[in-house]
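Data block for upload29.txt (compact mmCIF, C-alpha atoms and all ligand atoms):
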```txt
# COMPACT_ATOMS: atom_id res chain seq x y z
CA MET A 1 -130.11 250.24 -72.22
CA ASN A 2 -129.68 246.97 -74.13
CA LYS A 3 -129.98 243.56 -72.55
CA GLU A 4 -126.22 242.85 -72.29
CA SER A 5 -125.39 246.08 -70.49
CA LEU A 6 -128.32 245.53 -68.15
CA ALA A 7 -127.32 241.95 -67.36
CA ALA A 8 -124.39 242.54 -65.01
CA SER A 9 -125.19 246.05 -63.97
CA GLY A 10 -124.29 246.64 -60.31
CA TYR A 11 -123.92 242.93 -59.55
CA ASP A 12 -120.74 243.09 -57.48
CA PHE A 13 -120.34 239.53 -56.21
CA GLY A 14 -116.62 238.97 -55.54
CA SER A 15 -115.72 242.54 -56.45
CA PRO A 16 -112.93 244.24 -54.45
CA ALA A 17 -115.10 247.37 -54.59
CA ILE A 18 -117.44 246.07 -51.89
CA GLY A 19 -116.60 245.85 -48.19
CA ARG A 20 -115.95 242.78 -46.05
CA SER A 21 -118.71 241.24 -43.97
CA PRO A 22 -118.33 241.71 -40.21
CA VAL A 23 -119.84 238.23 -39.82
CA SER A 24 -117.36 235.38 -39.34
CA LEU A 25 -117.51 231.96 -40.98
CA GLU A 26 -118.03 230.51 -37.47
CA GLU A 27 -121.09 232.72 -36.96
CA LEU A 28 -122.35 231.64 -40.39
CA ALA A 29 -121.92 227.97 -39.46
CA LEU A 30 -124.01 228.52 -36.31
CA LEU A 31 -126.71 230.25 -38.34
CA GLU A 32 -126.77 227.30 -40.75
CA LYS A 33 -127.28 225.02 -37.76
CA THR A 34 -130.00 227.33 -36.43
CA VAL A 35 -132.07 227.11 -39.63
CA ALA A 36 -131.38 223.35 -39.55
CA MET A 37 -129.69 223.27 -42.95
CA THR A 38 -128.75 219.66 -43.70
CA ALA A 39 -126.73 217.87 -46.38
CA GLN A 40 -130.08 216.86 -47.87
CA ASP A 41 -131.10 220.51 -48.09
CA GLU A 42 -127.83 221.32 -49.86
CA HIS A 43 -128.67 218.61 -52.38
CA TRP A 44 -132.19 219.97 -52.95
CA LEU A 45 -130.92 223.54 -53.25
CA LYS A 46 -128.72 222.50 -56.18
CA GLN A 47 -131.71 220.82 -57.75
CA ALA A 48 -133.72 223.98 -57.17
CA GLY A 49 -131.03 225.98 -58.97
CA ALA A 50 -131.31 223.72 -62.02
CA ARG A 51 -135.10 223.94 -62.00
CA LEU A 52 -135.24 227.71 -61.57
CA ALA A 53 -132.50 228.55 -64.10
CA ASP A 54 -134.91 229.20 -66.98
CA GLN A 55 -137.70 230.60 -64.82
CA THR A 56 -136.01 233.53 -63.06
CA ASP A 57 -137.83 236.14 -65.14
CA ALA A 58 -141.20 234.71 -64.20
CA VAL A 59 -140.25 234.30 -60.53
CA VAL A 60 -139.18 237.92 -60.23
CA GLY A 61 -142.40 238.88 -62.03
CA ALA A 62 -144.47 236.99 -59.47
CA TRP A 63 -142.75 238.76 -56.55
CA ARG A 64 -143.00 242.12 -58.23
CA GLU A 65 -146.70 241.70 -58.81
CA VAL A 66 -147.09 241.81 -55.04
CA ILE A 67 -144.83 244.85 -54.66
CA ALA A 68 -146.64 246.68 -57.45
CA ALA A 69 -150.00 245.99 -55.81
CA HIS A 70 -148.86 247.67 -52.59
CA PRO A 71 -148.00 251.37 -52.80
CA HIS A 72 -146.28 251.27 -49.40
CA LEU A 73 -143.72 248.87 -50.98
CA ALA A 74 -143.69 250.14 -54.59
CA ARG A 75 -142.64 253.57 -53.32
CA TYR A 76 -139.10 252.32 -52.63
CA TYR A 77 -138.54 252.15 -56.39
CA GLY A 78 -139.53 255.79 -56.74
CA SER A 79 -138.75 259.27 -55.51
CA CYS A 80 -140.04 260.99 -52.37
CA GLU A 81 -142.60 262.65 -54.67
CA GLY A 82 -143.82 259.21 -55.78
CA VAL A 83 -142.32 259.25 -59.28
CA ALA A 84 -141.41 255.65 -60.25
CA ASP A 85 -137.90 255.03 -61.60
CA ALA A 86 -138.30 252.34 -64.27
CA ALA A 87 -134.58 252.15 -65.13
CA TYR A 88 -133.66 251.56 -61.47
CA LYS A 89 -136.32 248.88 -61.17
CA ALA A 90 -135.08 247.15 -64.33
CA ARG A 91 -131.46 247.09 -63.16
CA VAL A 92 -132.36 245.78 -59.73
CA GLY A 93 -134.59 243.16 -61.38
CA GLU A 94 -131.60 241.73 -63.25
CA ARG A 95 -129.65 241.40 -60.00
CA PHE A 96 -132.66 239.80 -58.37
CA LYS A 97 -132.70 237.13 -61.09
CA GLN A 98 -129.02 236.41 -60.52
CA TRP A 99 -129.68 236.19 -56.78
CA ILE A 100 -132.20 233.37 -57.26
CA LEU A 101 -129.46 231.22 -58.77
CA ASP A 102 -126.91 232.37 -56.19
CA VAL A 103 -129.22 231.27 -53.36
CA CYS A 104 -129.20 227.77 -54.79
CA LEU A 105 -125.79 227.36 -56.34
CA ARG A 106 -123.15 229.54 -54.66
CA PRO A 107 -120.97 227.97 -51.97
CA ARG A 108 -121.42 229.87 -48.71
CA ASP A 109 -117.85 231.07 -48.16
CA ALA A 110 -116.24 234.40 -47.17
CA THR A 111 -116.86 235.94 -50.62
CA TRP A 112 -120.51 234.95 -50.39
CA LEU A 113 -120.71 236.42 -46.87
CA ASP A 114 -119.30 239.72 -48.13
CA TYR A 115 -121.98 239.95 -50.79
CA GLN A 116 -124.73 239.12 -48.30
CA HIS A 117 -123.57 242.06 -46.23
CA GLU A 118 -123.58 244.24 -49.32
CA ILE A 119 -127.15 243.20 -50.20
CA GLY A 120 -128.25 244.02 -46.66
CA LEU A 121 -126.56 247.42 -46.91
CA ARG A 122 -128.19 248.08 -50.29
CA HIS A 123 -131.58 248.02 -48.59
CA THR A 124 -130.47 250.69 -46.09
CA HIS A 125 -129.65 254.39 -46.27
CA LEU A 126 -125.96 253.40 -46.19
CA ARG A 127 -125.93 251.95 -49.73
CA LYS A 128 -129.41 252.04 -51.28
CA ASN A 129 -129.55 253.76 -54.70
CA GLN A 130 -125.78 254.13 -54.93
CA VAL A 131 -124.83 251.50 -57.51
CA ASP A 132 -127.62 252.60 -59.83
CA ARG A 133 -127.21 256.30 -59.08
CA ALA A 134 -130.93 256.38 -58.39
CA ALA A 135 -132.81 259.08 -56.52
CA ALA A 136 -135.41 256.78 -54.96
CA LEU A 137 -136.46 256.67 -51.30
CA PRO A 138 -133.23 256.02 -49.40
CA HIS A 139 -134.09 253.32 -46.89
CA ILE A 140 -136.28 250.20 -46.63
CA PRO A 141 -137.37 249.43 -43.07
CA LEU A 142 -136.15 246.09 -41.73
CA ARG A 143 -139.70 245.06 -40.83
CA TYR A 144 -140.65 244.99 -44.53
CA LEU A 145 -137.65 242.84 -45.43
CA ILE A 146 -138.60 240.32 -42.78
CA ALA A 147 -142.30 240.34 -43.63
CA PHE A 148 -141.74 240.08 -47.38
CA THR A 149 -140.00 236.75 -46.83
CA ALA A 150 -143.50 235.29 -46.63
CA VAL A 151 -144.16 236.40 -50.21
CA ILE A 152 -140.73 235.37 -51.50
CA ASN A 153 -141.21 231.87 -50.11
CA GLU A 154 -144.86 231.39 -50.98
CA ARG A 155 -144.72 232.70 -54.52
CA ILE A 156 -141.79 230.48 -55.51
CA ARG A 157 -143.74 227.29 -54.80
CA PRO A 158 -145.22 226.68 -58.28
CA PHE A 159 -141.86 227.31 -59.95
CA LEU A 160 -140.13 224.76 -57.74
CA ALA A 161 -143.02 222.33 -58.15
CA LYS A 162 -142.90 222.31 -61.95
CA ASP A 163 -142.52 218.67 -63.10
CA ALA A 164 -141.77 217.57 -59.50
CA THR A 165 -143.52 214.97 -57.36
CA PRO A 166 -145.22 216.31 -54.19
CA GLU A 167 -142.33 214.89 -52.12
CA GLU A 168 -139.68 216.53 -54.29
CA SER A 169 -141.61 219.73 -54.27
CA ALA A 170 -141.77 219.77 -50.45
CA ALA A 171 -138.04 219.05 -50.13
CA LEU A 172 -137.14 221.73 -52.67
CA HIS A 173 -139.31 224.27 -50.91
CA ALA A 174 -138.00 223.46 -47.42
CA ALA A 175 -134.40 223.88 -48.59
CA TRP A 176 -135.22 227.15 -50.40
CA CYS A 177 -136.97 228.61 -47.32
CA LYS A 178 -134.02 227.79 -45.05
CA ALA A 179 -131.56 229.39 -47.48
CA VAL A 180 -133.64 232.56 -47.69
CA LEU A 181 -134.11 232.85 -43.93
CA LEU A 182 -130.39 232.42 -43.43
CA GLN A 183 -129.80 235.36 -45.73
CA LEU A 184 -132.40 237.54 -44.08
CA ALA A 185 -130.60 236.97 -40.78
CA LEU A 186 -127.38 238.17 -42.43
CA TRP A 187 -129.06 241.14 -44.12
CA SER A 188 -130.34 242.31 -40.73
CA ARG A 189 -126.74 242.81 -39.56
CA PRO A 190 -126.29 246.38 -40.92
CA TYR A 191 -129.68 247.40 -39.47
CA VAL A 192 -128.91 246.70 -35.83
CA ALA A 193 -126.21 247.55 -33.29
CA GLU A 194 -123.46 244.94 -33.21
CA SER A 195 -124.22 244.16 -29.56
CA GLU A 196 -127.86 243.34 -30.47
CA TRP A 197 -127.21 241.15 -33.54
C1 LIG B 1 -137.19 238.66 -48.30
C2 LIG B 1 -137.25 239.90 -48.76
C3 LIG B 1 -136.37 240.44 -49.84
C4 LIG B 1 -135.48 239.83 -50.68
C5 LIG B 1 -135.15 238.35 -50.76
C6 LIG B 1 -134.87 240.85 -51.49
C7 LIG B 1 -133.90 240.63 -52.45
C8 LIG B 1 -133.19 241.63 -53.09
C9 LIG B 1 -132.06 241.43 -53.95
C10 LIG B 1 -131.47 240.07 -54.30
C11 LIG B 1 -131.63 242.64 -54.37
C12 LIG B 1 -130.47 242.94 -55.33
C13 LIG B 1 -129.15 242.81 -54.59
C14 LIG B 1 -127.98 243.25 -55.44
O1 LIG B 1 -127.77 244.46 -55.61
O2 LIG B 1 -127.25 242.36 -55.97
C15 LIG B 1 -132.51 243.62 -53.77
C16 LIG B 1 -132.42 244.97 -53.94
C17 LIG B 1 -133.47 245.82 -53.66
N1 LIG B 1 -134.62 245.51 -52.98
FE1 LIG B 1 -134.97 243.82 -52.01
N2 LIG B 1 -135.43 242.06 -51.16
C18 LIG B 1 -136.36 241.85 -50.18
C19 LIG B 1 -137.17 242.81 -49.62
C20 LIG B 1 -137.40 244.02 -50.19
C21 LIG B 1 -138.51 244.89 -49.89
C22 LIG B 1 -139.63 244.64 -48.85
C23 LIG B 1 -138.38 245.98 -50.68
C24 LIG B 1 -139.31 247.16 -50.73
C25 LIG B 1 -139.97 247.44 -51.81
C26 LIG B 1 -137.18 245.79 -51.48
C27 LIG B 1 -136.69 246.67 -52.41
C28 LIG B 1 -135.44 246.59 -52.98
C29 LIG B 1 -134.78 247.70 -53.67
C30 LIG B 1 -135.34 249.09 -53.91
C31 LIG B 1 -133.53 247.22 -54.07
C32 LIG B 1 -132.43 247.98 -54.78
C33 LIG B 1 -131.42 248.45 -53.73
C34 LIG B 1 -130.29 249.30 -54.35
O3 LIG B 1 -130.50 250.51 -54.50
O4 LIG B 1 -129.22 248.74 -54.67
N3 LIG B 1 -136.62 244.59 -51.15
N4 LIG B 1 -133.44 242.97 -53.01
```

Would you write out, as structure tokens, the structure that this file holds?
Ligand code: HEM
Amino acid sequence: MNKESLAASGYDFGSPAIGRSPVSLEELALLEKTVAMTAQDEHWLKQAGARLADQTDAVVGAWREVIAAHPHLARYYGSCEGVADAAYKARVGERFKQWILDVCLRPRDATWLDYQHEIGLRHTHLRKNQVDRAAALPHIPLRYLIAFTAVINERIRPFLAKDATPEESAALHAAWCKAVLLQLALWSRPYVAESEW
């Protein structure tokens, strides 16, 4: 597959093909308050987007290093028999790069909410593997999504800190961490009963 066809593969932000999020904009606003997202954070997130724009390959590489080093995580990119699916991994990697910029630059509106729900679903047996027609393990346990946030947030530090003062670096990182946690809360929605969410 060449680079162009890989670029947008399965990235369905704003597509009518994906479902609507069951989460309301009011619930989203309360979650934003709960992670203490401020106008300052919104400012630093935009800055983060500009800083990360030409580093997304390396950022995804840094996260994937950790996944590759842990067979209990790497297995979700392979079959039940443990055969890795390189094409699947490559396609997902391109969407992951796009996501880094979306975290920082997309307005959090109803379209954004719908795609958050879709990303959550794509980690579960309800949607995993489908867009890439992969035959990998069908479901990633919620506990690994939550725990991997530690890696996502720690490993991005040097990329945010590039050419930044320590103060800027701290503000960029705080805003990034809040934005990621907010999304993890949304991605947990398809994993749990509505009454428990
Ligand atoms: C904070 C934790 C995590 C973040 C931020 C994250 C982020 C993402 C993103 C952005 C995508 C692509 C969404 C799209 O299709 O547009 C994705 C898909 C995927 N992630 Fe994660 N992920 C996390 C945890 C994990 C863990 C622990 C695993 C286990 C190895 C994992 C494995 C996968 C796989 C296999 C896909 C492809 C799903 C599909 O078939 O469409 N993720 N993830």

> Distance atom C25 of ligand LIG 1 (chain B)-atom CA of A:His72, one decimal place?
Replying inline: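 One can read the atom C25 of ligand LIG 1 (chain B) to atom CA of A:His72 distance as 7.8 Å.
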
If the box runs along x, y and z of the file and leaves 8 Å on each side of stretch 129-147 of chain A, what are its centre and edge lengths in Å, one decimal, as AutoDock Vina command-line options?
```
--center_x -133.6 --center_y 249.7 --center_z -50.3 --size_x 33.5 --size_y 34.8 --size_z 35.0
```

>> I'd like to know which of A:Val192, A:Ala175, A:Ile156, A:Leu184 is closest to A:Met37, using only C-alpha atoms.
In response: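 Going through A:Val192, A:Ala175, A:Ile156, A:Leu184 one by one, the smallest distance to A:Met37 is for A:Ala175.
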
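Comparing the minimum interatomic distances between ligand LIG 1 (chain B) and each of A:Pro16, A:Pro190, A:Pro166, A:Pro141, counting only C-alpha atoms and all ligand atoms, we find that A:Pro141 sits nearest.
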
>> What residues of the protein or nucleic acid chains come within 6 Å of ligand LIG 1 (chain B) when you use all atoms listed in the file? Reply as an MDAnalysis selection string.
In response: chainID A and resid 11 73:74 76:77 92 95:96 99 119 122:123 128:131 140 144:146 148:149 152

For C-alpha atoms, I'd like the residues from the last selection saved as a tab-separated table (two decimals), keeping the file's coordinate frame.
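part-v6.tsv, written as the output of this step:
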```
chain	number	residue	atom	x	y	z
A	11	TYR	CA	-123.92	242.93	-59.55
A	73	LEU	CA	-143.72	248.87	-50.98
A	74	ALA	CA	-143.69	250.14	-54.59
A	76	TYR	CA	-139.10	252.32	-52.63
A	77	TYR	CA	-138.54	252.15	-56.39
A	92	VAL	CA	-132.36	245.78	-59.73
A	95	ARG	CA	-129.65	241.40	-60.00
A	96	PHE	CA	-132.66	239.80	-58.37
A	99	TRP	CA	-129.68	236.19	-56.78
A	119	ILE	CA	-127.15	243.20	-50.20
A	122	ARG	CA	-128.19	248.08	-50.29
A	123	HIS	CA	-131.58	248.02	-48.59
A	128	LYS	CA	-129.41	252.04	-51.28
A	129	ASN	CA	-129.55	253.76	-54.70
A	130	GLN	CA	-125.78	254.13	-54.93
A	131	VAL	CA	-124.83	251.50	-57.51
A	140	ILE	CA	-136.28	250.20	-46.63
A	144	TYR	CA	-140.65	244.99	-44.53
A	145	LEU	CA	-137.65	242.84	-45.43
A	146	ILE	CA	-138.60	240.32	-42.78
A	148	PHE	CA	-141.74	240.08	-47.38
A	149	THR	CA	-140.00	236.75	-46.83
A	152	ILE	CA	-140.73	235.37	-51.50
```

> Hey, what's within 12 Å of A:Thr38 if we count all atoms listed in the file and toss same-chain stuff fewer than 3 positions away? As a list of chain:residue names, please?
Replying inline: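 Contacts, in chain order: A:Ala29, A:Glu32, A:Lys33, A:Thr34, A:Val35, A:Asp41, A:Glu42, A:His43, A:Trp44, A:Leu45, A:Ala171, A:Ala174, A:Ala175, A:Trp176, A:Lys178, A:Ala179.
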
Would you kindly return, as a PDB file with C-alpha atoms, keeping the file's coordinate frame, each protein, DNA or RNA residue with an atom no farther than 8 Å from any atom of A:Ser188, considering only C-alpha atoms and excluding same-chain residues fewer than 3 positions away?
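Writing done, so here's part.pdb:
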```pdb
ATOM      1  CA  GLY A 120    -128.250 244.020 -46.660  1.00  0.00           C
ATOM      2  CA  LEU A 142    -136.150 246.090 -41.730  1.00  0.00           C
ATOM      3  CA  LEU A 184    -132.400 237.540 -44.080  1.00  0.00           C
ATOM      4  CA  ALA A 185    -130.600 236.970 -40.780  1.00  0.00           C
ATOM      5  CA  TYR A 191    -129.680 247.400 -39.470  1.00  0.00           C
ATOM      6  CA  VAL A 192    -128.910 246.700 -35.830  1.00  0.00           C
ATOM      7  CA  TRP A 197    -127.210 241.150 -33.540  1.00  0.00           C
TER       8      TRP A 197
END
```
